[in-house]
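What follows is the content of input_7.csv (CSV, C-alpha atoms).
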chain,number,residue,atom,x,y,z
A,1,VAL,CA,5.1,22.5,88.1
A,2,GLY,CA,7.1,24.0,91.0
A,3,LEU,CA,8.2,21.5,93.5
A,4,VAL,CA,9.7,21.7,97.0
A,5,VAL,CA,10.7,18.3,98.4
A,6,SER,CA,13.0,16.8,101.0
A,7,LEU,CA,15.5,14.2,99.7
A,8,SER,CA,14.0,11.4,101.8
A,9,ILE,CA,11.7,9.5,99.5
A,10,VAL,CA,9.1,7.3,101.2
A,11,PRO,CA,8.4,4.1,99.3
A,12,ILE,CA,4.8,3.5,98.8
A,13,ASN,CA,3.8,0.6,101.0
A,14,VAL,CA,0.4,-1.0,101.5
A,15,PRO,CA,-2.2,1.8,101.3
A,16,ALA,CA,-3.8,2.7,104.6
A,17,VAL,CA,-7.2,2.7,102.8
A,18,GLN,CA,-8.4,-0.6,101.4
A,19,ALA,CA,-7.5,-0.6,97.7
A,20,ALA,CA,-9.3,-1.8,94.7
A,21,PRO,CA,-7.3,-4.6,93.1
A,22,ALA,CA,-5.5,-3.5,89.9
A,23,LYS,CA,-5.4,-5.6,86.8
A,24,PRO,CA,-2.2,-7.7,87.2
A,25,PRO,CA,0.5,-7.3,84.5
A,26,THR,CA,1.5,-10.2,82.3
A,27,ALA,CA,4.6,-12.2,83.2
A,28,GLY,CA,7.3,-11.2,80.7
A,29,LEU,CA,6.3,-7.6,80.6
A,30,ARG,CA,9.5,-5.5,80.3
A,31,LEU,CA,9.5,-1.8,80.9
A,32,THR,CA,12.6,0.3,80.2
A,33,TYR,CA,13.1,3.8,81.6
A,34,SER,CA,15.8,6.5,81.1
A,35,GLY,CA,16.5,8.9,83.9
A,36,LYS,CA,18.7,11.8,85.0
A,37,VAL,CA,19.5,13.8,88.1
A,38,GLN,CA,20.7,17.3,87.4
A,39,PRO,CA,20.8,20.8,89.0
A,40,ALA,CA,17.3,22.4,88.8
A,41,ASN,CA,18.9,25.8,88.2
A,42,PRO,CA,22.0,25.5,86.0
A,43,THR,CA,25.0,27.5,87.3
A,44,GLY,CA,27.8,26.0,85.3
A,45,ASP,CA,28.6,23.3,87.9
A,46,ASP,CA,27.1,20.1,86.6
A,47,SER,CA,29.4,17.8,88.5
A,48,SER,CA,26.5,16.2,90.3
A,49,THR,CA,24.6,15.3,87.2
A,50,ARG,CA,23.8,11.5,86.8
A,51,SER,CA,22.2,9.6,84.0
A,52,PHE,CA,20.9,6.1,84.0
A,53,ARG,CA,18.7,3.4,82.4
A,54,LEU,CA,16.5,1.2,84.5
A,55,SER,CA,14.9,-2.0,83.2
A,56,PHE,CA,12.1,-3.9,84.9
A,57,LEU,CA,10.9,-7.4,84.1
A,58,VAL,CA,7.8,-9.0,85.5
A,59,THR,CA,9.1,-12.5,86.3
A,60,GLU,CA,6.1,-13.9,88.1
A,61,VAL,CA,2.5,-13.2,88.7
A,62,THR,CA,1.2,-14.9,91.9
A,63,ALA,CA,-2.2,-16.6,92.4
A,64,SER,CA,-3.2,-13.7,94.7
A,65,GLY,CA,-2.6,-11.1,91.9
A,66,GLY,CA,0.7,-9.8,93.1
A,67,CYS,CA,3.9,-10.0,91.1
A,68,ARG,CA,7.7,-10.2,91.3
A,69,VAL,CA,9.6,-7.6,89.3
A,70,ALA,CA,13.3,-8.0,88.6
A,71,TRP,CA,15.2,-4.8,87.8
A,72,VAL,CA,18.7,-3.9,86.4
A,73,LEU,CA,20.3,-0.5,86.7
A,74,ASP,CA,22.7,0.7,84.0
A,75,GLU,CA,24.6,3.7,85.3
A,76,GLY,CA,25.6,6.3,82.7
A,77,ALA,CA,27.5,9.5,83.1
A,78,GLY,CA,28.6,10.7,86.5
A,79,ALA,CA,29.7,9.4,89.9
A,80,PRO,CA,29.7,7.8,92.4
A,81,ARG,CA,28.8,4.4,91.1
A,82,TRP,CA,27.3,1.4,92.8
A,83,SER,CA,29.1,-1.9,93.2
A,84,TRP,CA,27.8,-4.7,90.9
A,85,ALA,CA,25.7,-6.2,93.8
A,86,GLN,CA,23.6,-3.0,94.0
A,87,ARG,CA,22.8,-2.7,90.3
A,88,PHE,CA,20.1,-5.3,90.3
A,89,GLY,CA,17.3,-6.7,92.5
A,90,THR,CA,13.8,-8.0,92.8
A,91,VAL,CA,10.8,-6.1,94.1
A,92,PRO,CA,7.7,-8.1,95.2
A,93,THR,CA,4.3,-6.4,95.1
A,94,ASN,CA,0.8,-7.3,96.3
A,95,ARG,CA,-2.3,-7.2,94.1
A,96,PHE,CA,-2.6,-3.4,94.7
A,97,PHE,CA,0.9,-2.9,93.3
A,98,ALA,CA,2.2,-1.8,96.7
A,99,THR,CA,5.7,-3.1,97.4
A,100,THR,CA,5.8,-5.7,100.2
A,101,SER,CA,9.6,-5.4,100.8
A,102,ASP,CA,11.9,-2.4,100.4
A,103,ARG,CA,15.2,-4.2,100.7
A,104,GLU,CA,15.9,-4.3,97.0
A,105,LEU,CA,14.4,-1.1,95.7
A,106,PRO,CA,16.6,0.6,93.0
A,107,ALA,CA,18.4,3.9,93.7
A,108,ILE,CA,20.9,6.2,92.1
A,109,GLN,CA,23.7,7.9,93.9
A,110,ALA,CA,24.6,11.6,93.4
A,111,GLU,CA,27.3,13.8,95.0
A,112,ARG,CA,27.3,17.5,95.7
A,113,ASP,CA,29.7,19.5,98.0
A,114,GLY,CA,31.3,16.3,99.1
A,115,ALA,CA,28.1,14.7,100.4
A,116,VAL,CA,26.8,11.5,98.7
A,117,ARG,CA,23.1,10.7,98.7
A,118,ALA,CA,21.1,7.7,97.5
A,119,ILE,CA,17.9,8.7,95.7
A,120,MET,CA,15.3,6.0,95.6
A,121,LEU,CA,13.7,5.3,92.3
A,122,ARG,CA,10.0,4.4,91.8
A,123,GLN,CA,8.9,0.9,90.9
A,124,PRO,CA,7.1,0.9,87.5
A,125,PHE,CA,3.5,0.3,88.8
A,126,PHE,CA,1.6,2.9,90.7
A,127,ALA,CA,-0.3,2.0,93.8
A,128,SER,CA,-3.5,3.8,94.6
A,129,PRO,CA,-6.5,3.1,96.9
A,130,GLU,CA,-9.0,3.4,94.0
A,131,PRO,CA,-8.8,3.5,90.2
A,132,LEU,CA,-7.5,6.9,89.1
A,133,LYS,CA,-10.0,9.4,88.0
A,134,GLU,CA,-10.4,13.2,87.5
A,135,LYS,CA,-9.8,15.2,90.8
A,136,ALA,CA,-9.4,12.0,92.9
A,137,GLN,CA,-7.6,12.7,96.2
A,138,TRP,CA,-6.3,10.5,99.0
A,139,GLU,CA,-3.8,10.3,101.9
A,140,ASP,CA,-1.1,7.6,102.4
A,141,ASN,CA,2.0,7.5,104.5
A,142,GLN,CA,1.6,11.2,105.5
A,143,LEU,CA,1.5,12.2,101.9
A,144,HIS,CA,-1.4,13.8,99.9
A,145,PHE,CA,-2.1,12.5,96.4
A,146,GLU,CA,-4.3,14.4,93.9
A,147,VAL,CA,-5.1,13.7,90.2
A,148,ILE,CA,-4.7,17.1,88.6
A,149,GLY,CA,-5.3,16.2,84.9
A,150,ARG,CA,-4.6,13.8,82.1
A,151,GLU,CA,-1.9,14.2,79.4
A,152,GLU,CA,-0.4,12.3,76.5
A,153,VAL,CA,3.0,10.9,77.5
A,154,GLY,CA,4.9,8.9,74.8
A,155,GLY,CA,1.7,8.1,73.0
A,156,ARG,CA,0.0,6.9,76.2
A,157,ARG,CA,-2.9,8.8,77.8
A,158,SER,CA,-1.8,9.3,81.4
A,159,TRP,CA,-3.2,10.6,84.6
A,160,LYS,CA,-1.1,13.3,86.2
A,161,VAL,CA,-0.8,12.8,89.9
A,162,ALA,CA,0.7,15.5,92.2
A,163,VAL,CA,2.2,14.3,95.5
A,164,SER,CA,2.7,16.6,98.4
A,165,SER,CA,3.7,16.5,102.1
A,166,LYS,CA,3.0,18.9,105.0
A,167,THR,CA,5.9,21.0,103.8
A,168,GLY,CA,4.6,21.3,100.2
A,169,PRO,CA,4.7,19.6,96.8
A,170,ARG,CA,7.1,16.6,96.4
A,171,GLU,CA,6.7,15.1,93.0
A,172,VAL,CA,4.5,14.6,90.0
A,173,VAL,CA,3.8,11.1,88.5
A,174,TRP,CA,2.1,10.3,85.2
A,175,VAL,CA,0.3,6.9,85.1
A,176,ASP,CA,-1.2,5.2,82.1
A,177,ASP,CA,-5.0,5.5,82.2
A,178,GLN,CA,-5.6,2.0,81.0
A,179,GLU,CA,-2.9,0.3,83.2
A,180,SER,CA,-1.0,1.2,86.3
A,181,VAL,CA,2.3,1.7,84.5
A,182,VAL,CA,4.2,4.9,85.4
A,183,THR,CA,5.0,6.7,82.1
A,184,ARG,CA,6.8,9.7,83.6
A,185,HIS,CA,8.1,10.9,87.0
A,186,ARG,CA,9.5,14.2,88.1
A,187,GLU,CA,10.8,15.0,91.6
A,188,LEU,CA,12.9,17.8,93.1
A,189,VAL,CA,15.5,16.6,95.5
A,190,PHE,CA,18.2,18.5,97.5
A,191,LEU,CA,21.9,17.6,97.4
A,192,GLY,CA,24.9,18.9,99.2
A,193,GLN,CA,24.2,22.3,100.9
A,194,GLY,CA,20.6,22.4,99.9
A,195,VAL,CA,21.2,22.6,96.2
A,196,PRO,CA,17.9,21.8,94.3
A,197,HIS,CA,18.1,19.0,91.7
A,198,GLU,CA,15.5,17.5,89.4
A,199,LEU,CA,15.1,13.7,89.2
A,200,SER,CA,13.4,12.9,85.8
A,201,VAL,CA,12.4,9.4,84.7
A,202,ASP,CA,10.7,8.6,81.4
A,203,LEU,CA,9.3,5.3,80.0
A,204,ASP,CA,11.2,4.6,76.8
A,205,LYS,CA,9.9,1.1,75.9
A,206,SER,CA,7.2,-1.4,76.9
A,207,GLU,CA,7.3,-4.9,75.5
A,208,THR,CA,6.4,-8.5,76.4
A,209,VAL,CA,9.2,-11.0,75.9
A,210,SER,CA,8.7,-14.6,74.8
A,211,ALA,CA,8.4,-17.4,77.3
A,212,GLU,CA,11.9,-18.6,76.3
A,213,GLU,CA,13.4,-15.1,76.8
A,214,LEU,CA,11.6,-14.8,80.2
A,215,ALA,CA,13.0,-18.1,81.4
A,216,ARG,CA,16.5,-17.1,80.2
A,217,GLN,CA,16.4,-13.7,81.9
A,218,SER,CA,14.9,-15.1,85.1
A,219,LYS,CA,17.6,-17.8,85.3
A,220,ALA,CA,20.4,-15.2,84.7
A,221,HIS,CA,18.9,-13.0,87.4
A,222,MET,CA,18.7,-15.8,89.9
A,223,SER,CA,22.3,-16.9,89.1
A,224,ILE,CA,23.7,-13.5,89.8
A,225,ALA,CA,21.6,-13.1,92.9
A,226,GLY,CA,23.0,-16.5,94.1
A,227,LEU,CA,26.6,-15.1,93.7
A,228,ARG,CA,25.6,-12.0,95.7
A,229,GLY,CA,23.9,-14.0,98.5
A,230,PRO,CA,20.8,-13.0,100.5
A,231,VAL,CA,20.1,-9.3,101.1
A,232,LYS,CA,20.1,-8.6,104.9
A,233,ASP,CA,19.9,-4.8,104.6
A,234,LYS,CA,18.5,-2.4,102.1
A,235,LEU,CA,20.7,-2.1,99.0
A,236,THR,CA,20.8,1.6,99.5
I'd like the structure from this file rewritten - as structure tokens, please.
Amino acid sequence: VGLVVSLSIVPINVPAVQAAPAKPPTAGLRLTYSGKVQPANPTGDDSSTRSFRLSFLVTEVTASGGCRVAWVLDEGAGAPRWSWAQRFGTVPTNRFFATTSDRELPAIQAERDGAVRAIMLRQPFFASPEPLKEKAQWEDNQLHFEVIGREEVGGRRSWKVAVSSKTGPREVVWVDDQESVVTRHRELVFLGQGVPHELSVDLDKSETVSAEELARQSKAHMSIAGLRGPVKDKLT
């Protein structure tokens, strides 16, 4: 799929259209993704290539059906790199899986032609105004969403959703057809002097940890957050 997209990535907030509540995930659900940012048209200069792993853990499901999702970013090859305080965070969502705060959304940095950009990374649950179905279309935050098919991704049947703006296609997101879990994400971003790069993110593993492991992970996350202190501005 050919994509043309500006680097500015607009996080999905509360949908403008009243949404149908999605089935909430289970506390303890852990989703692990691998990702890469690399030149879309290889020219021999791969200095801007970045690789990473991103792990999400549902630490709490609220009475209203929303959840809190803790994340940890493991940066692989490439630079620049975040300080320790920007490699983890917690994203709250409402019962429609729309994020209710963007202060701690994960991002990966990439550099080209001396210019550094922070590229926002999607949270693992896809927010939509209605359950996904063939040829569904809607508008949200000045973006147009359209379900363009269904494919097998990592053994999971997934809806394929194309996202475009007034300037053209932005990204493609694959979403599990039984859950709202993102199984694959592709986006074209521009770095440096307008050099096109592809952001690719794939779901590697989905598991539910034990209550003991959840309590241990949640406590560790809170302890590190306590050392960092409250987030007053976006981590990016």
Do you have, as JSON lines, the list of residues of segment 155-223 of chain A lying at most 10 Å from segment 70-87 of chain A, each with its nearest atom pair and that distance in Å to one decimal, counting all atoms listed in the file and ordered by chain then number?
{"residue": "A:Gln217", "atom": "CA", "partner": "A:Ala70", "partner_atom": "CA", "distance": 9.3}
{"residue": "A:Ser218", "atom": "CA", "partner": "A:Ala70", "partner_atom": "CA", "distance": 8.1}
{"residue": "A:His221", "atom": "CA", "partner": "A:Ala70", "partner_atom": "CA", "distance": 7.6}
{"residue": "A:Met222", "atom": "CA", "partner": "A:Ala70", "partner_atom": "CA", "distance": 9.6}
I need the chosen residues saved as a PDB file, keeping the file's coordinate frame, with C-alpha atoms.
ATOM      1  CA  GLN A 217      16.400 -13.700  81.900  1.00  0.00           C
ATOM      2  CA  SER A 218      14.900 -15.100  85.100  1.00  0.00           C
ATOM      3  CA  HIS A 221      18.900 -13.000  87.400  1.00  0.00           C
ATOM      4  CA  MET A 222      18.700 -15.800  89.900  1.00  0.00           C
TER       5      MET A 222
END
**OP:** May I have the residues within 8 Å of Val116 of chain A as a VMD selection string, using all atoms listed in the file and disregarding those fewer than 6 positions away in the same chain?
**Re:** chain A and resid 80 109 to 110 191 to 192
Subject >> Non-local contacts of segment 157-169 of chain A (7 Å; only C-alpha atoms; under 5 positions in same chain excluded) as a PyMOL selection string >> reply: chain A and resi 3-5+142-152+174-177
Original post:
atom CA of Gly66 of chain A and atom CA of Ser223 of chain A are how many Å apart?
Top reply: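 Separating atom CA of Gly66 of chain A from atom CA of Ser223 of chain A is a distance of 23.1 Å.
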Original post:
Distance atom CA of Gly154 of chain A-atom CA of Glu139 of chain A, one decimal place?
Top reply: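 We find that atom CA of Gly154 of chain A and atom CA of Glu139 of chain A lie 28.5 Å from each other.
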**OP:** Using all atoms listed in the file, find all polymer residues with an atom at most 7 Å away from the point (2.4, 5.0, 86.9); report them as JSON, numbers by chain.
**Re:** {"A": [124, 125, 126, 173, 174, 175, 176, 180, 181, 182, 183]}
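Across A:Thr62, A:Thr49, A:Ser34, A:Ser206, the tightest approach to Leu121 of chain A is made by A:Ser34 when counting only C-alpha atoms.
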**OP:** List the neighbours of Thr26 of chain A out to 9 Å using all atoms listed in the file; skip same-chain residues closer than 2 positions along the sequence, and give me the result as a ChimeraX atom specification.
**Re:** /A:24,28-29,58-61,208
Residues just named, written with C-alpha atoms as a PDB file, keeping the file's coordinate frame:
ATOM      1  CA  PRO A  24      -2.200  -7.700  87.200  1.00  0.00           C
ATOM      2  CA  GLY A  28       7.300 -11.200  80.700  1.00  0.00           C
ATOM      3  CA  LEU A  29       6.300  -7.600  80.600  1.00  0.00           C
ATOM      4  CA  VAL A  58       7.800  -9.000  85.500  1.00  0.00           C
ATOM      5  CA  THR A  59       9.100 -12.500  86.300  1.00  0.00           C
ATOM      6  CA  GLU A  60       6.100 -13.900  88.100  1.00  0.00           C
ATOM      7  CA  VAL A  61       2.500 -13.200  88.700  1.00  0.00           C
ATOM      8  CA  THR A 208       6.400  -8.500  76.400  1.00  0.00           C
TER       9      THR A 208
END
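We find atom CA of Gly226 of chain A and atom CA of Gly65 of chain A to be spaced 26.3 Å apart.
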**OP:** Select, from A:Arg122, A:Asp204, A:Asp45, A:Pro131, the residue with the minimum atom-to-atom distance to Val172 of chain A, counting only C-alpha atoms.
**Re:** A:Arg122
Subject >> Counting only C-alpha atoms, the residue of A:Val69, A:Met120, A:Thr32, A:Arg103 that sits nearest Pro230 of chain A >> reply: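 Closest candidate: A:Arg103.
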Residues of segment 32-148 of chain A at most 8 Å from segment 194-203 of chain A: nearest atom pair and distance in Å, only C-alpha atoms, as a Markdown table:
| residue | atom | partner | partner_atom | distance |
| --- | --- | --- | --- | --- |
| A:Thr32 | CA | A:Leu203 | CA | 6.0 |
| A:Tyr33 | CA | A:Leu203 | CA | 4.4 |
| A:Ser34 | CA | A:Asp202 | CA | 5.5 |
| A:Gly35 | CA | A:Val201 | CA | 4.2 |
| A:Lys36 | CA | A:Ser200 | CA | 5.5 |
| A:Val37 | CA | A:Leu199 | CA | 4.5 |
| A:Gln38 | CA | A:His197 | CA | 5.3 |
| A:Pro39 | CA | A:His197 | CA | 4.2 |
| A:Ala40 | CA | A:His197 | CA | 4.5 |
| A:Asn41 | CA | A:Pro196 | CA | 7.4 |
| A:Arg112 | CA | A:Val195 | CA | 8.0 |
Original post:
Closest to Ala127 of chain A among A:Glu179, A:Asp46, A:Glu207, A:Glu171, using only C-alpha atoms?
Top reply: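 Selected residue with least distance to Ala127 of chain A: A:Glu179.
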Subject >> Proximity to Leu188 of chain A - best of A:Asn141, A:Lys135, A:Glu111, A:Ile119, only C-alpha atoms >> reply: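 The shortest atom-to-atom distance to Leu188 of chain A comes from A:Ile119.
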Subject >> Residue among A:Glu104, A:Glu130, A:Gln178, A:Arg117 lying closest to Arg50 of chain A, counting only C-alpha atoms >> reply: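 For Arg50 of chain A, the nearest of the candidates is A:Arg117.
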